[in-house]
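To keep things clear, I will list the structure first and then write my remarks on it.
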Amino acid sequence: ESLLDSGNMGTRNHGELKIIPFYDDYMWNFGEAALEHSARELWRYLVRDTIIQGIENYVKKGTISKDILNDPTFKKINDYNIERYKARFLTNICSLLIDYGYFAFIVVDEFSYFKPMVEKELINEGFLQALRNLTIGKQLCSFIFSGTFESQEILEDYAITSQLANIKPLKIGSIDPDSAEDLIQYLGKTLNFTPKAVKAIQRLSNNIPYFIQILCFNCAIYASFKKKNIVGGPDVERVVKYLTGEKIDPETNTLYEIKELGNETFIRTQYIADEKFLNAVISTIASESIQNDSIRQKPDDLSLSTLITKWGDYGKSKEYPAGILGHFQIKQMSAIKLLLERGIIKEQKIKDDTFYELGVDLFRSWWNVHF
């Protein structure tokens, strides 16, 4: 929306053009694209099901001239009888937009699914080089790639960073506390959060908008059922118990309509199922806040020395006096480093030791219940 409002942009090859962003229903979602069964189906999705439909939508809104719909090139690419969609159709449609004075800005979501797409042979590593040629070489469009922490790792795994040399990586995570509070209090007097409730949501979400949204939405359901417009700290903690599955009360939960969070809420953003060493570190840190089979509302951090000791005590015997640590110490330290880089855990240095806790405290509570 801000791109639409920004008006025009200048290009070296084509002069001044009006920016047309393809996002929401008309962006490229690699998660959806990876479900296609052939390259032909993939390019049908990337061209007709997103860009073409996006153009038609912009014509209806009056953003793009309706004359483009009658252009022979547009009609040919939009022909539903085409059996084989090809990569060059993307070049053709972006070039057509240029001819009518528009510049396509294409949003690509779920970039981490690039790897499955390559494995299914829907695309190869040259795919990104082709996109680079469209942007840097021909200046026909621009892209923004978004995804989870895996995205950067995938680029390194496939040794394709040179193909994206002009990309500027931007890590998206927590917002500043003031902006987080503004987001929490968005409804104003309609639904007001007390200072303690605000602090609780900030701690639970690590000021990440995605988790703020989940918490506030469910707090609103709870407040509506209770017929109140003020949410306090205890209310937030009660909602969290329903969201994590710690408190199971089928009758009450039905009345609140608060659904327990599933794996899809956290997987690929907080953990990956088959990364056993990273998940072992997560479990070791998270379990520090369990006492007498009860999960504490607030987390306890865990020192590196204690983390090492816990792994050393596990599986200790005469044959293996260092426990599992003797086998996995290098992998333990690598896991900690990677979790820090991904922003899954936070560290704090106190005197001669380093302390860790999970960044998103809602994830800590959920993990303790389920794992």
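Residues are referred to by chain and number: the chain letter is A, B, ... according to the order shown in the structure tokens, the number counts from 1 in that chain, and ligands are numbered separately from 1 in the order shown.
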**OP:** Please identify all polymer residues within 12 Å of Glu41 of chain A, counting only C-alpha atoms, omitting same-chain residues fewer than 3 positions from it, and present them as a ChimeraX atom specification.
**Re:** /A:32-38,44-49,82-87,122-123
Those residues you just picked out, can you put them in a file as a PDB file, in the first residue's frame with C-alpha atoms?
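File produced: result.pdb:
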ATOM      1  CA  GLU A  32       1.844 -22.915  -2.582  1.00  0.00           C
ATOM      2  CA  ALA A  33       4.131 -23.080  -5.611  1.00  0.00           C
ATOM      3  CA  ALA A  34       5.963 -26.091  -4.148  1.00  0.00           C
ATOM      4  CA  LEU A  35       2.693 -28.044  -4.292  1.00  0.00           C
ATOM      5  CA  GLU A  36       2.618 -27.906  -8.101  1.00  0.00           C
ATOM      6  CA  HIS A  37       3.464 -31.129  -9.933  1.00  0.00           C
ATOM      7  CA  SER A  38       5.356 -29.821 -12.943  1.00  0.00           C
ATOM      8  CA  ARG A  44       0.942 -21.093 -14.767  1.00  0.00           C
ATOM      9  CA  TYR A  45       0.773 -20.224 -11.062  1.00  0.00           C
ATOM     10  CA  LEU A  46       3.601 -17.650 -11.195  1.00  0.00           C
ATOM     11  CA  VAL A  47       2.230 -15.838 -14.256  1.00  0.00           C
ATOM     12  CA  ARG A  48      -1.501 -16.339 -14.742  1.00  0.00           C
ATOM     13  CA  ASP A  49      -2.727 -17.102 -11.213  1.00  0.00           C
ATOM     14  CA  ILE A  82      -2.435 -22.520 -23.205  1.00  0.00           C
ATOM     15  CA  GLU A  83      -1.092 -25.975 -22.390  1.00  0.00           C
ATOM     16  CA  ARG A  84       2.455 -25.006 -21.562  1.00  0.00           C
ATOM     17  CA  TYR A  85       3.256 -21.848 -19.614  1.00  0.00           C
ATOM     18  CA  LYS A  86       6.880 -20.815 -19.965  1.00  0.00           C
ATOM     19  CA  ALA A  87       9.343 -18.672 -18.060  1.00  0.00           C
ATOM     20  CA  LEU A 122      10.143 -27.641 -10.559  1.00  0.00           C
ATOM     21  CA  ILE A 123      13.057 -25.224 -10.847  1.00  0.00           C
TER      22      ILE A 123
END
**OP:** Just the residues within 6 Å of segment 98-115 of chain A, please, counting only C-alpha atoms, with nothing from its chain fewer than 5 positions along; format it as a PyMOL selection string.
**Re:** chain A and resi 17-23+27-31+141-147+150-151
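Atom pair atom CA of Glu16 of chain A / atom CA of Thr73 of chain A: separated by 22.3 Å.
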Original post:
What is the atom CA of Gly232 of chain A-atom CA of Asn263 of chain A distance in Å, reported with one decimal?
Top reply: 27.5 Å
